[in-house]
Structure formats: structure tokens, C-alpha cells
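See below for data24.txt, which holds compact mmCIF, C-alpha atoms.
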```txt
# COMPACT_ATOMS: atom_id res chain seq x y z
CA MET A 1 19.00 -40.63 -11.92
CA LEU A 2 16.29 -41.98 -9.73
CA TYR A 3 16.54 -44.83 -7.25
CA CYS A 4 13.69 -47.29 -7.82
CA HIS A 5 12.71 -50.33 -5.81
CA ALA A 6 10.01 -52.91 -6.58
CA HIS A 7 7.93 -54.34 -3.75
CA ASN A 8 5.73 -57.40 -4.37
CA ARG A 9 2.54 -58.17 -2.50
CA ARG A 10 -0.82 -59.85 -2.90
CA VAL A 11 -4.14 -58.06 -2.25
CA PRO A 12 -5.65 -59.40 0.99
CA TYR A 13 -9.41 -59.78 1.44
CA ARG A 14 -9.53 -57.18 4.23
CA ASP A 15 -8.41 -54.44 1.78
CA CYS A 16 -11.34 -55.03 -0.57
CA THR A 17 -14.94 -53.94 -1.00
CA PRO A 18 -17.71 -56.56 -0.75
CA LYS A 19 -17.39 -56.88 -4.55
CA GLY A 20 -13.73 -57.88 -4.20
CA LEU A 21 -12.17 -54.63 -5.47
CA LEU A 22 -9.23 -52.94 -3.75
CA ARG A 23 -10.35 -49.88 -1.79
CA LEU A 24 -8.71 -46.60 -2.80
CA ARG A 25 -7.41 -45.80 0.69
CA HIS A 26 -5.25 -48.94 0.74
CA TYR A 27 -3.08 -47.71 -2.12
CA LEU A 28 -1.49 -45.36 0.43
CA ASP A 29 -0.70 -48.38 2.64
CA TYR A 30 0.88 -50.13 -0.34
CA PHE A 31 2.89 -47.01 -1.21
CA LYS A 32 4.17 -46.77 2.36
CA ALA A 33 5.16 -50.44 2.39
CA ALA A 34 7.09 -49.96 -0.87
CA ARG A 35 8.80 -46.85 0.54
CA VAL A 36 9.76 -48.62 3.78
CA HIS A 37 11.10 -51.67 1.92
CA ALA A 38 13.03 -49.47 -0.52
CA LEU A 39 14.79 -47.68 2.32
CA ARG A 40 15.37 -50.97 4.15
CA ALA A 41 17.02 -52.37 1.02
CA LEU A 42 19.49 -49.47 1.33
CA GLY A 43 20.14 -50.22 4.99
CA ILE A 44 17.89 -47.44 6.36
CA ARG A 45 15.17 -48.56 8.77
CA TYR A 46 12.23 -46.28 9.57
CA ARG A 47 12.45 -47.44 13.15
CA SER A 48 16.06 -46.28 13.48
CA LEU A 49 15.11 -42.87 12.10
CA GLU A 50 12.33 -42.60 14.69
CA ASP A 51 14.72 -43.74 17.43
CA ASP A 52 16.98 -40.86 16.36
CA GLY A 53 14.09 -38.39 16.70
CA ILE A 54 13.33 -38.08 13.00
CA LEU A 55 9.76 -38.42 11.76
CA MET A 56 8.55 -38.60 8.15
CA PRO A 57 4.90 -37.52 8.05
CA VAL A 58 2.99 -37.44 4.76
CA VAL A 59 2.31 -33.87 3.66
CA ASP A 60 0.74 -34.58 0.26
CA ALA A 61 -0.55 -37.61 -1.64
CA GLU A 62 -2.06 -38.26 -5.03
CA ILE A 63 -3.47 -41.49 -6.50
CA SER A 64 -4.68 -42.20 -10.01
CA ARG A 65 -6.31 -45.55 -10.75
CA SER A 66 -6.50 -46.75 -14.34
CA ARG A 67 -7.78 -50.30 -13.86
CA PRO A 68 -9.54 -52.15 -11.05
CA VAL A 69 -7.53 -54.35 -8.72
CA ARG A 70 -9.18 -57.48 -7.37
CA TYR A 71 -8.78 -59.59 -4.27
CA ASP A 72 -5.75 -61.91 -4.30
CA SER A 73 -4.13 -60.15 -7.28
CA PRO A 74 -0.31 -60.34 -7.28
CA LEU A 75 1.00 -56.77 -7.45
CA THR A 76 4.30 -55.01 -7.80
CA VAL A 77 4.54 -51.51 -6.39
CA ARG A 78 7.53 -49.63 -7.76
CA ALA A 79 8.74 -46.72 -5.63
CA CYS A 80 11.07 -44.20 -7.30
CA PHE A 81 12.92 -41.61 -5.26
CA PRO A 82 14.15 -38.26 -6.64
CA ASP A 83 17.80 -37.54 -7.22
CA GLU A 84 17.61 -34.24 -5.31
CA LEU A 85 16.91 -34.47 -1.59
CA SER A 86 15.55 -31.71 0.60
CA ALA A 87 13.41 -31.64 3.73
CA ARG A 88 10.59 -32.93 1.51
CA ILE A 89 10.86 -36.01 -0.65
CA THR A 90 8.27 -36.78 -3.31
CA THR A 91 8.27 -40.46 -4.21
CA GLN A 92 6.59 -41.69 -7.40
CA TYR A 93 4.74 -45.00 -7.43
CA THR A 94 3.56 -47.34 -10.16
CA VAL A 95 1.34 -50.32 -9.39
CA PHE A 96 1.16 -53.15 -11.89
CA ARG A 97 0.36 -56.84 -11.99
CA SER A 98 3.33 -58.94 -10.91
CA ASP A 99 2.62 -61.52 -13.57
CA SER A 100 3.17 -59.03 -16.41
CA THR A 101 5.71 -56.39 -17.35
CA ASN A 102 3.49 -55.04 -20.12
CA LYS A 103 2.94 -51.27 -19.75
CA GLU A 104 -0.77 -51.85 -20.37
CA SER A 105 -0.91 -53.67 -17.06
CA VAL A 106 -0.31 -50.45 -15.07
CA LEU A 107 -3.15 -50.36 -12.57
CA ALA A 108 -2.40 -47.15 -10.70
CA THR A 109 0.14 -44.42 -10.24
CA GLY A 110 0.70 -41.97 -7.45
CA THR A 111 2.97 -39.65 -5.59
CA VAL A 112 3.50 -39.20 -1.87
CA THR A 113 5.45 -36.33 -0.37
CA VAL A 114 6.94 -36.86 3.07
CA CYS A 115 8.86 -34.33 5.13
CA PHE A 116 11.76 -34.99 7.48
CA VAL A 117 10.70 -33.51 10.82
CA SER A 118 12.47 -33.27 14.16
CA ALA A 119 10.40 -35.05 16.82
CA GLU A 120 11.81 -32.64 19.39
CA THR A 121 10.99 -29.35 17.66
CA ASN A 122 8.27 -30.54 15.26
CA ARG A 123 10.04 -28.50 12.54
CA PRO A 124 11.29 -29.62 9.11
CA ILE A 125 14.94 -30.66 8.94
CA ARG A 126 17.41 -31.69 6.26
CA PRO A 127 17.51 -35.40 5.42
CA PRO A 128 19.98 -37.26 7.63
CA GLU A 129 23.40 -37.72 6.06
CA ARG A 130 23.07 -41.52 6.10
CA VAL A 131 19.84 -41.28 4.04
CA ARG A 132 21.50 -38.95 1.50
CA ARG A 133 24.55 -41.22 1.25
CA ALA A 134 22.45 -44.37 0.86
CA LEU A 135 20.32 -42.88 -1.93
CA GLN A 136 23.36 -41.42 -3.71
CA SER A 137 25.20 -44.74 -3.62
CA ALA A 138 22.09 -46.56 -4.88
CA GLU A 139 21.86 -44.14 -7.81
CA THR A 140 25.25 -45.29 -9.02
CA GLY A 141 24.29 -48.97 -8.89
CA PRO A 142 23.26 -50.27 -12.36
CA ALA A 143 20.50 -52.54 -11.02
CA GLN A 144 18.64 -49.64 -9.39
CA ARG A 145 18.93 -46.93 -12.07
CA ARG A 146 15.60 -46.54 -13.79
CA SER A 147 13.20 -43.85 -14.77
CA PRO A 148 9.61 -44.04 -13.46
CA GLN A 149 8.43 -44.89 -16.98
CA GLY A 150 10.96 -47.73 -17.26
CA ALA A 151 8.60 -50.17 -15.63
```
Let me see the file written as C-alpha cells.
Amino acid sequence: MLYCHAHNRRVPYRDCTPKGLLRLRHYLDYFKAARVHALRALGIRYRSLEDDGILMPVVDAEISRSRPVRYDSPLTVRACFPDELSARITTQYTVFRSDSTNKESVLATGTVTVCFVSAETNRPIRPPERVRRALQSAETGPAQRRSPQGA
């Protein structure tokens, strides 16, 4: 099973074009915020990983927009983590309007692959045990078990 976490936000003016549409590059910011909040909900802080000499750079990203997103729109960004962890983790994202759970309201989807890297050696490493344990325990919780399509 996957661990999924929903992160709510509203589109700020600074993220938009002069016509009031969300710029493509900001989806990556929204994906990162959802990923950070998902890990925080499990008790894992990015800052603590960095303090331990573990970095998580993005190595690949993909975004697909299906509908325009406008300034001040309430959004939910759902981040779903894989059940198998390795040095690389590919997280799947679905962006939809917060005021609707209708599948037709999906505005964008994407994937971001990050890699656990040692800050000391700049080489890929296995995910820390506490990250593996946190994701495994979340997978067994009924509130967090969902497939990416189960928006």
C-alpha cells in the first residue's frame, strides 16, 4: 500500500501570471510543500535529516496540467509515497480543488523523484531507518491507506 497525505493551500498572487493563472514552475514548490508536510505528519522533519547529513535532492520531475489554476484558488495537493523504499523515492502528486472531491476537478498530476544523499560523500545512501519505519507504520494505518487514484 501507499502512504498518502493531503496538503491544503491557496494560490498566492506572486505565483501567478499577469492573467492570474498559476505558473507551471510553482507546481514543483507545491509538490515539495506536500512532501515536507507528509513527512512531518509522520514525525520526520527535513531539517533533522539535513542536520544528520542527509540531503534529498530532486533527480527527476514530471508535471501534467489538465485544467488551469487561478489566483486564490483553494487547492489540495495529495502526495503518495511508494511502498518500496530505496535510495530514490518517486512520489506521486495529484492537485485538485479543495472545494470538490469530484475526479473531474483534478487540475494536475506529477511525479518527483528524490534521492537520499550523504552530505559528506555526496553519494546516494539507503533511506534512514527512521524514515523507513515511519512510512511502514503509516502504511498500516487505515486513515492513510489509499491508492493514487483514490482521490
Checklist line | Distance in Å - CA of Gln92 (chain A) versus CA of Glu120 (chain A) | finding: 28.8 Å
Next item on the list: Take CA of Asp60 (chain A) and CA of Ala41 (chain A) and report the distance between them in Å, one decimal.
Entry: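 Separating CA of Asp60 (chain A) from CA of Ala41 (chain A) is a distance of 24.1 Å.
Atom to atom, CA of Leu55 (chain A) and CA of Leu39 (chain A) stand 14.1 Å apart.
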Check: Between A:Cys80, A:Ala134, A:Ala38, A:Ile44, which one has atoms that come closest to Cys4 (chain A), using all atoms listed in the file?
Finding: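 Looking at the shortest contact to Cys4 (chain A), the residue is A:Cys80.
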Item checked: Among listed residues A:Ser98, A:Ser64, A:Thr91, A:Thr17, nearest Val112 (chain A) (using all atoms listed in the file) ->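 Closest candidate: A:Thr91.
With distances restricted to only C-alpha atoms, A:Leu42 is the closest residue to Ser137 (chain A) from A:Glu62, A:Leu42, A:Arg9, A:Cys115.
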